[in-house]
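Colleague: For reference, the structure I am asking about is given below.
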Amino acid sequence: MFRSFLLFGKTRAMLIYIAGLSDIEAIEQYVLSPLMQESPKEPQPLNDFIEHKLPVPKVVKVNMLADCIESISSGNPILLYEGESDGFSLGLSKWEKRAIEEPMAEGGESGGHERDLLNL
């Protein structure tokens with residue numbers, strides 16, 4: 001996903017992430033909501049605000065395309081904004097979790113796990 005917005009109503013910015021790997025609710029609440037608030041005066045410098053005041057567990061400055069791709073592929077969104085050559089990897093990955101289930105083929109002849117139980 002490519003999400004364009006204005007930082008503090010002034011500076012063009014973009015958030016890049018993969019839906020399903022990133023925590024969309026946290027992105028909305030902890031990144032987009034605070035950064036899109038119009039302010040009469042934007043915090044200076046923006047880098048310090050993003051790195052130290054954004055309520056995100058981990059913020060890492062990235063400046064190589066390979067680092068950006070790795071971050072996005074790991075579920076961590078990348079924040080880019082106009083006038084800055086570096087991007088910011090935001091620690092907001094959210095991996096889909098599934099319950100571990102026994103494959104249907106393993107329960108057959110041996111009786112599955114029931115045979116392992118002892119009757120005392």
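By order in the structure tokens, chains are A, B, ...; within a chain, residues start at 1; ligands start at 1, following the order shown.
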Need the shell around Val31 of chain A: protein/DNA/RNA residues with any atom at most 12 Å away, counting only C-alpha atoms. Skip same-chain ones fewer than 5 positions apart. Format as a PyMOL selection string?

Modeller: chain A and resi 3+5+7-8+13-15+23-26+36-37+49-51+53-57+59+77-79+88-92

Colleague: Kindly save the residues from that selection, with N, CA and C atoms included, as a short mmCIF file (atom, residue, chain, number, x, y, z; two decimals), in the first residue's frame.

Modeller:
```cif
data_model
loop_
_atom_site.label_atom_id
_atom_site.label_comp_id
_atom_site.auth_asym_id
_atom_site.auth_seq_id
_atom_site.Cartn_x
_atom_site.Cartn_y
_atom_site.Cartn_z
N ARG A 3 0.40 5.10 0.93
CA ARG A 3 -0.54 6.03 1.57
C ARG A 3 0.10 7.40 1.63
N PHE A 5 0.02 11.49 2.40
CA PHE A 5 -0.63 12.41 3.34
C PHE A 5 0.28 13.62 3.55
N LEU A 7 2.30 15.83 6.34
CA LEU A 7 2.80 15.88 7.71
C LEU A 7 2.42 17.23 8.30
N PHE A 8 1.66 17.22 9.37
CA PHE A 8 1.23 18.43 10.07
C PHE A 8 0.58 19.44 9.13
N ALA A 13 4.17 13.55 2.45
CA ALA A 13 4.78 12.33 3.00
C ALA A 13 4.09 11.11 2.42
N MET A 14 4.75 9.97 2.56
CA MET A 14 4.17 8.71 2.09
C MET A 14 4.55 7.60 3.05
N LEU A 15 3.58 6.74 3.32
CA LEU A 15 3.80 5.56 4.13
C LEU A 15 3.63 4.36 3.21
N ASP A 23 0.57 -3.83 11.06
CA ASP A 23 -0.55 -3.60 11.98
C ASP A 23 -1.27 -2.32 11.56
N ILE A 24 -2.33 -2.47 10.77
CA ILE A 24 -3.05 -1.34 10.19
C ILE A 24 -3.66 -0.45 11.28
N GLU A 25 -4.22 -1.05 12.30
CA GLU A 25 -4.82 -0.26 13.38
C GLU A 25 -3.77 0.61 14.08
N ALA A 26 -2.59 0.05 14.34
CA ALA A 26 -1.51 0.82 14.98
C ALA A 26 -1.01 1.91 14.05
N MET A 36 -0.80 13.64 11.02
CA MET A 36 -1.69 14.39 10.14
C MET A 36 -2.38 15.55 10.84
N GLN A 37 -2.17 15.66 12.15
CA GLN A 37 -2.77 16.78 12.89
C GLN A 37 -2.19 18.08 12.36
N PHE A 49 11.47 14.36 15.93
CA PHE A 49 10.10 14.06 16.33
C PHE A 49 9.74 12.62 15.97
N ILE A 50 10.05 12.23 14.74
CA ILE A 50 9.71 10.88 14.27
C ILE A 50 10.48 9.83 15.06
N GLU A 51 11.77 10.06 15.28
CA GLU A 51 12.60 9.05 15.95
C GLU A 51 12.34 8.95 17.45
N LYS A 53 9.59 10.87 19.41
CA LYS A 53 8.30 11.20 19.99
C LYS A 53 7.13 10.46 19.37
N LEU A 54 7.34 9.79 18.27
CA LEU A 54 6.28 9.01 17.66
C LEU A 54 6.05 7.76 18.52
N PRO A 55 4.82 7.49 18.95
CA PRO A 55 4.58 6.36 19.86
C PRO A 55 4.59 5.00 19.15
N VAL A 56 5.77 4.64 18.65
CA VAL A 56 5.97 3.39 17.92
C VAL A 56 7.10 2.65 18.64
N PRO A 57 6.98 1.32 18.81
CA PRO A 57 8.00 0.59 19.57
C PRO A 57 9.43 0.74 19.06
N VAL A 59 11.79 2.72 15.84
CA VAL A 59 11.94 3.55 14.65
C VAL A 59 13.41 3.51 14.25
N PRO A 77 6.34 -0.79 8.18
CA PRO A 77 6.11 0.27 7.20
C PRO A 77 7.31 1.20 7.09
N ILE A 78 7.44 1.84 5.94
CA ILE A 78 8.48 2.84 5.70
C ILE A 78 7.79 4.20 5.56
N LEU A 79 8.29 5.18 6.29
CA LEU A 79 7.79 6.55 6.22
C LEU A 79 8.81 7.38 5.45
N PHE A 88 12.18 6.12 7.28
CA PHE A 88 12.10 5.60 8.64
C PHE A 88 11.31 4.30 8.63
N SER A 89 11.95 3.25 9.13
CA SER A 89 11.29 1.96 9.29
C SER A 89 10.58 1.97 10.64
N LEU A 90 9.29 1.72 10.62
CA LEU A 90 8.48 1.76 11.84
C LEU A 90 8.14 0.35 12.29
N GLY A 91 8.49 0.01 13.51
CA GLY A 91 8.29 -1.34 14.04
C GLY A 91 6.84 -1.67 14.30
N LEU A 92 6.08 -1.85 13.24
CA LEU A 92 4.65 -2.14 13.38
C LEU A 92 4.24 -3.37 12.59
#
```

Colleague: If we count only C-alpha atoms and set the cut-off at 9 Å, which residues sit around Ser73 of chain A, ignoring sequence neighbours fewer than 5 positions away in its own chain? Please answer as a list of chain:residue names.

Modeller: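 Using only C-alpha atoms, the neighbours found are A:Tyr17, A:Ile18, A:Leu21, A:Cys68.
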
Colleague: From a backbone DSSP assignment, name each residue in segment 2-80 of chain A labelled strand (DSSP E or B), as a list in words.

Modeller: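 So, restricting segment 2-80 of chain A to strand (DSSP E or B), we get Phe2, Arg3, Ser4, Phe5, Leu6, Leu7, Thr11, Arg12, Ala13, Met14, Leu15, Ile16, Ala19, Ser22, Val59, Val60, Lys61, Val62, Ile78, Leu79 and Leu80 of chain A.
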
Colleague: Keeping only N, CA and C atoms, take the residues you just selected and write them out as a PDB file, in the first residue's frame.

Modeller:
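As written to disk, part.pdb reads:
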```pdb
ATOM      1  N   PHE A   2       0.462   2.228  -0.760  1.00  0.00           N
ATOM      2  CA  PHE A   2       1.146   3.519  -0.777  1.00  0.00           C
ATOM      3  C   PHE A   2       0.139   4.538  -0.255  1.00  0.00           C
ATOM      4  N   ARG A   3       0.401   5.101   0.929  1.00  0.00           N
ATOM      5  CA  ARG A   3      -0.543   6.026   1.565  1.00  0.00           C
ATOM      6  C   ARG A   3       0.096   7.405   1.626  1.00  0.00           C
ATOM      7  N   SER A   4      -0.387   8.333   0.782  1.00  0.00           N
ATOM      8  CA  SER A   4       0.121   9.704   0.771  1.00  0.00           C
ATOM      9  C   SER A   4      -0.667  10.544   1.758  1.00  0.00           C
ATOM     10  N   PHE A   5       0.019  11.492   2.400  1.00  0.00           N
ATOM     11  CA  PHE A   5      -0.628  12.408   3.339  1.00  0.00           C
ATOM     12  C   PHE A   5       0.279  13.616   3.546  1.00  0.00           C
ATOM     13  N   LEU A   6      -0.215  14.590   4.298  1.00  0.00           N
ATOM     14  CA  LEU A   6       0.578  15.773   4.627  1.00  0.00           C
ATOM     15  C   LEU A   6       0.995  15.706   6.092  1.00  0.00           C
ATOM     16  N   LEU A   7       2.296  15.833   6.337  1.00  0.00           N
ATOM     17  CA  LEU A   7       2.802  15.885   7.711  1.00  0.00           C
ATOM     18  C   LEU A   7       2.419  17.233   8.300  1.00  0.00           C
ATOM     19  N   THR A  11       3.910  19.259   4.925  1.00  0.00           N
ATOM     20  CA  THR A  11       4.942  18.550   4.170  1.00  0.00           C
ATOM     21  C   THR A  11       4.380  17.259   3.584  1.00  0.00           C
ATOM     22  N   ARG A  12       4.597  17.048   2.278  1.00  0.00           N
ATOM     23  CA  ARG A  12       4.126  15.824   1.641  1.00  0.00           C
ATOM     24  C   ARG A  12       4.911  14.626   2.180  1.00  0.00           C
ATOM     25  N   ALA A  13       4.171  13.545   2.452  1.00  0.00           N
ATOM     26  CA  ALA A  13       4.778  12.334   3.003  1.00  0.00           C
ATOM     27  C   ALA A  13       4.085  11.111   2.418  1.00  0.00           C
ATOM     28  N   MET A  14       4.747   9.970   2.560  1.00  0.00           N
ATOM     29  CA  MET A  14       4.169   8.712   2.087  1.00  0.00           C
ATOM     30  C   MET A  14       4.550   7.598   3.051  1.00  0.00           C
ATOM     31  N   LEU A  15       3.581   6.742   3.318  1.00  0.00           N
ATOM     32  CA  LEU A  15       3.797   5.556   4.130  1.00  0.00           C
ATOM     33  C   LEU A  15       3.626   4.359   3.212  1.00  0.00           C
ATOM     34  N   ILE A  16       4.617   3.462   3.199  1.00  0.00           N
ATOM     35  CA  ILE A  16       4.589   2.284   2.334  1.00  0.00           C
ATOM     36  C   ILE A  16       4.579   1.042   3.220  1.00  0.00           C
ATOM     37  N   ALA A  19      -0.341  -4.677   3.393  1.00  0.00           N
ATOM     38  CA  ALA A  19      -1.515  -5.032   4.194  1.00  0.00           C
ATOM     39  C   ALA A  19      -1.435  -6.518   4.528  1.00  0.00           C
ATOM     40  N   SER A  22       1.520  -5.693   8.144  1.00  0.00           N
ATOM     41  CA  SER A  22       1.662  -4.542   9.038  1.00  0.00           C
ATOM     42  C   SER A  22       0.400  -4.382   9.879  1.00  0.00           C
ATOM     43  N   VAL A  59      11.791   2.717  15.844  1.00  0.00           N
ATOM     44  CA  VAL A  59      11.937   3.552  14.652  1.00  0.00           C
ATOM     45  C   VAL A  59      13.406   3.506  14.252  1.00  0.00           C
ATOM     46  N   VAL A  60      13.664   3.088  13.003  1.00  0.00           N
ATOM     47  CA  VAL A  60      15.031   2.961  12.507  1.00  0.00           C
ATOM     48  C   VAL A  60      15.164   3.763  11.218  1.00  0.00           C
ATOM     49  N   LYS A  61      16.178   4.614  11.162  1.00  0.00           N
ATOM     50  CA  LYS A  61      16.434   5.384   9.947  1.00  0.00           C
ATOM     51  C   LYS A  61      17.058   4.456   8.912  1.00  0.00           C
ATOM     52  N   VAL A  62      16.534   4.502   7.684  1.00  0.00           N
ATOM     53  CA  VAL A  62      17.059   3.681   6.590  1.00  0.00           C
ATOM     54  C   VAL A  62      17.376   4.593   5.412  1.00  0.00           C
ATOM     55  N   ILE A  78       7.436   1.838   5.935  1.00  0.00           N
ATOM     56  CA  ILE A  78       8.475   2.844   5.701  1.00  0.00           C
ATOM     57  C   ILE A  78       7.793   4.200   5.556  1.00  0.00           C
ATOM     58  N   LEU A  79       8.288   5.180   6.295  1.00  0.00           N
ATOM     59  CA  LEU A  79       7.792   6.545   6.215  1.00  0.00           C
ATOM     60  C   LEU A  79       8.813   7.384   5.454  1.00  0.00           C
ATOM     61  N   LEU A  80       8.352   8.031   4.393  1.00  0.00           N
ATOM     62  CA  LEU A  80       9.195   8.931   3.599  1.00  0.00           C
ATOM     63  C   LEU A  80       8.527  10.297   3.590  1.00  0.00           C
TER      64      LEU A  80
END
```

Colleague: When you draw a straight line from atom CA of Ile72 of chain A to atom CA of Met1 of chain A, how long is it in Å?

Modeller: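 That distance, rounded to one decimal, is 10.1 Å.
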
Colleague: In terms of the shortest atom-to-atom distance over only C-alpha atoms, which of A:Asp67, A:Glu38, A:Ser74, A:Lys58 is closest to Gly87 of chain A?

Modeller: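 Among the listed residues, A:Asp67 lies closest to Gly87 of chain A.
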
Colleague: Using only C-alpha atoms, find the one residue out of A:Leu35, A:Met64, A:Leu46, A:Ile27 that sits nearest to Asn76 of chain A.

Modeller: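 Ranking A:Leu35, A:Met64, A:Leu46, A:Ile27 by distance to Asn76 of chain A, first place goes to A:Ile27.
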
Colleague: Using only C-alpha atoms, can you tell me which of A:Ile69, A:Ser85, A:Gly20, A:Gly9 comes closest to Ser33 of chain A?

Modeller: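 Result for the nearest residue to Ser33 of chain A: A:Gly9.
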
Colleague: What is the distance between atom CA of Asp48 of chain A and atom CA of Ser93 of chain A, in Å to one decimal?

Modeller: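 Result for atom CA of Asp48 of chain A versus atom CA of Ser93 of chain A: 22.1 Å, one decimal.
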